[in-house]
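Peer 1: This structure is in structure tokens; I'll ask about it shortly.
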Amino acid sequence: MAVTQTLLDEAEAAYHALLTGKAVASFKDQNGETITYTQTNRAHLASYIELLKSRLGLTVDTGPMMGWF
């Protein structure tokens, strides 16, 4: 399965659910397999999101947050 914006959106929604108190988040990954994440492995989900962003050619800004003051 090709990496698409939909996959990224689903992964980010699952991560948001974990961060806002949902105990378990599930979605289908780029291979079509259902993956379930919990609070204990949310770092793996964050890494997967970064991988999807990279494959989609989206840049990840790791610099200081400017303009927030």
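Labels used: A, B, ... for chains in the order of the structure tokens, numbers from 1 for residues in each chain, and numbers from 1 for ligands as shown.
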Determine which residues of range 8-69 of chain A receive a DSSP assignment of alpha helix (DSSP H), computed from the backbone, and state them as a PyMOL selection string.

Peer 2: chain A and resi 8-19+42-55

Peer 1: Which neighbours of Leu19 in chain A fall inside 12 Å, counting only C-alpha atoms, when residues of the same chain fewer than 6 positions from it are skipped, and could you give them as a list in words?

Peer 2: Glu12, Ala13, Ala25, Tyr37, Thr38, Gln39, Thr40, Asn41, Arg42, Ala43, Leu45 and Ala46 of chain A

Peer 1: Please write the residues from the selection above to a file, keeping all heavy atoms, as an mmCIF file, in the first residue's frame.

Peer 2:
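And here is the file that came out, selection.cif:
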```cif
data_model
loop_
_atom_site.group_PDB
_atom_site.id
_atom_site.type_symbol
_atom_site.label_atom_id
_atom_site.label_comp_id
_atom_site.auth_asym_id
_atom_site.auth_seq_id
_atom_site.Cartn_x
_atom_site.Cartn_y
_atom_site.Cartn_z
ATOM 1 N N GLU A 12 -2.056 10.257 13.005
ATOM 2 C CA GLU A 12 -2.078 11.439 13.870
ATOM 3 C C GLU A 12 -3.338 11.457 14.739
ATOM 4 O O GLU A 12 -3.280 11.862 15.900
ATOM 5 C CB GLU A 12 -1.967 12.705 13.033
ATOM 6 C CG GLU A 12 -0.562 12.894 12.475
ATOM 7 C CD GLU A 12 -0.405 14.136 11.623
ATOM 8 O OE1 GLU A 12 -1.386 14.561 10.978
ATOM 9 O OE2 GLU A 12 0.715 14.672 11.584
ATOM 10 N N ALA A 13 -4.466 11.000 14.216
ATOM 11 C CA ALA A 13 -5.690 10.929 15.010
ATOM 12 C C ALA A 13 -5.540 9.915 16.143
ATOM 13 O O ALA A 13 -5.982 10.160 17.270
ATOM 14 C CB ALA A 13 -6.882 10.567 14.123
ATOM 15 N N ALA A 25 -5.614 3.037 20.869
ATOM 16 C CA ALA A 25 -5.936 3.598 19.560
ATOM 17 C C ALA A 25 -5.514 2.599 18.498
ATOM 18 O O ALA A 25 -4.418 2.061 18.548
ATOM 19 C CB ALA A 25 -5.225 4.931 19.358
ATOM 20 N N TYR A 37 -2.163 0.720 19.409
ATOM 21 C CA TYR A 37 -1.190 1.400 20.256
ATOM 22 C C TYR A 37 -1.819 1.712 21.601
ATOM 23 O O TYR A 37 -3.007 1.976 21.696
ATOM 24 C CB TYR A 37 -0.728 2.711 19.602
ATOM 25 C CG TYR A 37 0.150 2.488 18.406
ATOM 26 C CD1 TYR A 37 -0.377 2.485 17.127
ATOM 27 C CD2 TYR A 37 1.507 2.261 18.554
ATOM 28 C CE1 TYR A 37 0.423 2.270 16.020
ATOM 29 C CE2 TYR A 37 2.324 2.044 17.449
ATOM 30 C CZ TYR A 37 1.767 2.046 16.195
ATOM 31 O OH TYR A 37 2.560 1.830 15.104
ATOM 32 N N THR A 38 -0.985 1.696 22.638
ATOM 33 C CA THR A 38 -1.415 2.054 23.985
ATOM 34 C C THR A 38 -0.490 3.158 24.492
ATOM 35 O O THR A 38 0.486 3.518 23.833
ATOM 36 C CB THR A 38 -1.320 0.841 24.931
ATOM 37 O OG1 THR A 38 0.058 0.455 25.039
ATOM 38 C CG2 THR A 38 -2.154 -0.332 24.427
ATOM 39 N N GLN A 39 -0.780 3.663 25.670
ATOM 40 C CA GLN A 39 0.065 4.704 26.259
ATOM 41 C C GLN A 39 1.512 4.247 26.380
ATOM 42 O O GLN A 39 2.429 5.046 26.235
ATOM 43 C CB GLN A 39 -0.462 5.097 27.645
ATOM 44 C CG GLN A 39 -1.717 5.919 27.621
ATOM 45 C CD GLN A 39 -1.488 7.317 27.065
ATOM 46 O OE1 GLN A 39 -0.389 7.857 27.088
ATOM 47 N NE2 GLN A 39 -2.535 7.920 26.558
ATOM 48 N N THR A 40 1.731 2.976 26.619
ATOM 49 C CA THR A 40 3.095 2.497 26.849
ATOM 50 C C THR A 40 3.940 2.461 25.585
ATOM 51 O O THR A 40 5.165 2.461 25.673
ATOM 52 C CB THR A 40 3.099 1.086 27.477
ATOM 53 O OG1 THR A 40 2.390 0.194 26.624
ATOM 54 C CG2 THR A 40 2.466 1.101 28.854
ATOM 55 N N ASN A 41 3.320 2.447 24.394
ATOM 56 C CA ASN A 41 4.121 2.424 23.168
ATOM 57 C C ASN A 41 3.800 3.582 22.228
ATOM 58 O O ASN A 41 3.976 3.482 21.029
ATOM 59 C CB ASN A 41 4.016 1.070 22.456
ATOM 60 C CG ASN A 41 2.620 0.742 21.986
ATOM 61 O OD1 ASN A 41 1.704 1.531 22.130
ATOM 62 N ND2 ASN A 41 2.451 -0.435 21.417
ATOM 63 N N ARG A 42 3.365 4.704 22.798
ATOM 64 C CA ARG A 42 3.021 5.847 21.956
ATOM 65 C C ARG A 42 4.250 6.440 21.270
ATOM 66 O O ARG A 42 4.131 7.067 20.227
ATOM 67 C CB ARG A 42 2.249 6.899 22.726
ATOM 68 C CG ARG A 42 3.052 7.653 23.731
ATOM 69 C CD ARG A 42 2.198 8.671 24.429
ATOM 70 N NE ARG A 42 3.020 9.430 25.338
ATOM 71 C CZ ARG A 42 2.563 10.192 26.275
ATOM 72 N NH1 ARG A 42 1.268 10.320 26.439
ATOM 73 N NH2 ARG A 42 3.373 10.842 27.054
ATOM 74 N N ALA A 43 5.446 6.219 21.809
ATOM 75 C CA ALA A 43 6.669 6.698 21.148
ATOM 76 C C ALA A 43 6.850 5.999 19.801
ATOM 77 O O ALA A 43 7.314 6.615 18.840
ATOM 78 C CB ALA A 43 7.881 6.475 22.039
ATOM 79 N N LEU A 45 4.405 5.026 17.898
ATOM 80 C CA LEU A 45 3.434 5.665 17.011
ATOM 81 C C LEU A 45 3.975 7.005 16.526
ATOM 82 O O LEU A 45 3.848 7.339 15.348
ATOM 83 C CB LEU A 45 2.093 5.839 17.727
ATOM 84 C CG LEU A 45 0.979 6.532 16.953
ATOM 85 C CD1 LEU A 45 0.714 5.860 15.610
ATOM 86 C CD2 LEU A 45 -0.288 6.565 17.797
ATOM 87 N N ALA A 46 4.607 7.770 17.410
ATOM 88 C CA ALA A 46 5.186 9.054 17.010
ATOM 89 C C ALA A 46 6.271 8.838 15.952
ATOM 90 O O ALA A 46 6.354 9.592 14.976
ATOM 91 C CB ALA A 46 5.765 9.773 18.225
#
```

Peer 1: Per DSSP on the backbone, what are the strand (DSSP E) residues of chain A, as a list in words?

Peer 2: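 Secondary structure check on chain A, strand (DSSP E): Val24, Ala25, Ser26, Phe27, Lys28, Thr34, Ile35, Thr36, Tyr37 and Thr38 of chain A.
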
Peer 1: Go ahead and write the selection's residues with all heavy atoms as a CSV table (one decimal), in the first residue's frame.

Peer 2:
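For reference, again16.csv as written:
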```
chain,number,residue,atom,x,y,z
A,24,VAL,N,-6.5,3.1,24.3
A,24,VAL,CA,-6.1,2.3,23.1
A,24,VAL,C,-6.5,3.0,21.9
A,24,VAL,O,-7.6,3.6,21.8
A,24,VAL,CB,-6.7,0.9,23.2
A,24,VAL,CG1,-6.3,0.1,21.9
A,24,VAL,CG2,-6.3,0.2,24.4
A,25,ALA,N,-5.6,3.0,20.9
A,25,ALA,CA,-5.9,3.6,19.6
A,25,ALA,C,-5.5,2.6,18.5
A,25,ALA,O,-4.4,2.1,18.5
A,25,ALA,CB,-5.2,4.9,19.4
A,26,SER,N,-6.4,2.3,17.5
A,26,SER,CA,-6.1,1.4,16.5
A,26,SER,C,-6.4,2.0,15.1
A,26,SER,O,-7.2,2.9,15.0
A,26,SER,CB,-7.0,0.1,16.6
A,26,SER,OG,-6.7,-0.5,17.8
A,27,PHE,N,-5.6,1.6,14.1
A,27,PHE,CA,-5.8,2.0,12.7
A,27,PHE,C,-5.0,1.0,11.8
A,27,PHE,O,-4.2,0.2,12.3
A,27,PHE,CB,-5.3,3.5,12.5
A,27,PHE,CG,-3.9,3.7,12.6
A,27,PHE,CD1,-3.1,3.7,11.5
A,27,PHE,CD2,-3.3,3.8,13.8
A,27,PHE,CE1,-1.7,3.9,11.6
A,27,PHE,CE2,-1.9,4.0,14.0
A,27,PHE,CZ,-1.1,4.0,12.8
A,28,LYS,N,-5.3,1.1,10.5
A,28,LYS,CA,-4.6,0.2,9.6
A,28,LYS,C,-3.3,1.0,9.1
A,28,LYS,O,-3.3,2.1,8.7
A,28,LYS,CB,-5.4,-0.1,8.4
A,28,LYS,CG,-6.6,-1.0,8.8
A,28,LYS,CD,-7.2,-1.6,7.6
A,28,LYS,CE,-8.4,-2.5,8.1
A,28,LYS,NZ,-8.8,-3.5,7.2
A,34,THR,N,-3.9,-4.1,10.9
A,34,THR,CA,-4.5,-3.3,12.0
A,34,THR,C,-3.4,-3.3,13.1
A,34,THR,O,-3.0,-4.3,13.6
A,34,THR,CB,-5.8,-3.8,12.5
A,34,THR,OG1,-6.7,-3.8,11.4
A,34,THR,CG2,-6.3,-3.0,13.7
A,35,ILE,N,-3.1,-2.1,13.5
A,35,ILE,CA,-2.1,-1.9,14.6
A,35,ILE,C,-2.8,-1.2,15.8
A,35,ILE,O,-3.5,-0.3,15.6
A,35,ILE,CB,-0.9,-1.0,14.1
A,35,ILE,CG1,-0.3,-1.5,12.9
A,35,ILE,CG2,0.1,-0.8,15.2
A,35,ILE,CD1,0.4,-2.9,13.0
A,36,THR,N,-2.5,-1.7,17.0
A,36,THR,CA,-3.1,-1.1,18.2
A,36,THR,C,-2.0,-0.5,19.0
A,36,THR,O,-1.0,-1.2,19.3
A,36,THR,CB,-3.9,-2.2,19.0
A,36,THR,OG1,-4.9,-2.7,18.1
A,36,THR,CG2,-4.5,-1.6,20.2
A,37,TYR,N,-2.2,0.7,19.4
A,37,TYR,CA,-1.2,1.4,20.3
A,37,TYR,C,-1.8,1.7,21.6
A,37,TYR,O,-3.0,2.0,21.7
A,37,TYR,CB,-0.7,2.7,19.6
A,37,TYR,CG,0.2,2.5,18.4
A,37,TYR,CD1,-0.4,2.5,17.1
A,37,TYR,CD2,1.5,2.3,18.6
A,37,TYR,CE1,0.4,2.3,16.0
A,37,TYR,CE2,2.3,2.0,17.4
A,37,TYR,CZ,1.8,2.0,16.2
A,37,TYR,OH,2.6,1.8,15.1
A,38,THR,N,-1.0,1.7,22.6
A,38,THR,CA,-1.4,2.1,24.0
A,38,THR,C,-0.5,3.2,24.5
A,38,THR,O,0.5,3.5,23.8
A,38,THR,CB,-1.3,0.8,24.9
A,38,THR,OG1,0.1,0.5,25.0
A,38,THR,CG2,-2.2,-0.3,24.4
```

Peer 1: Go through A:Glu50, A:Ala23, A:Thr59, A:His44 one by one, measure the shortest atom-to-atom distance of each to Leu7 in chain A using only C-alpha atoms, and give the residue with the smallest value.

Peer 2: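 Among the listed residues, the smallest separation from Leu7 in chain A belongs to A:Glu50.
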
Peer 1: Excluding range 1-6 of chain A and any residue of its chain fewer than 3 positions from it, enumerate the residues within 9 Å of it, using only C-alpha atoms, and give them as a list in words.

Peer 2: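 My list of contacting residues is Asp9, Glu10, Ala11, Asp29, Gln30, Asn31, Gly32, Leu52, Lys53, Arg55 and Leu56 of chain A.
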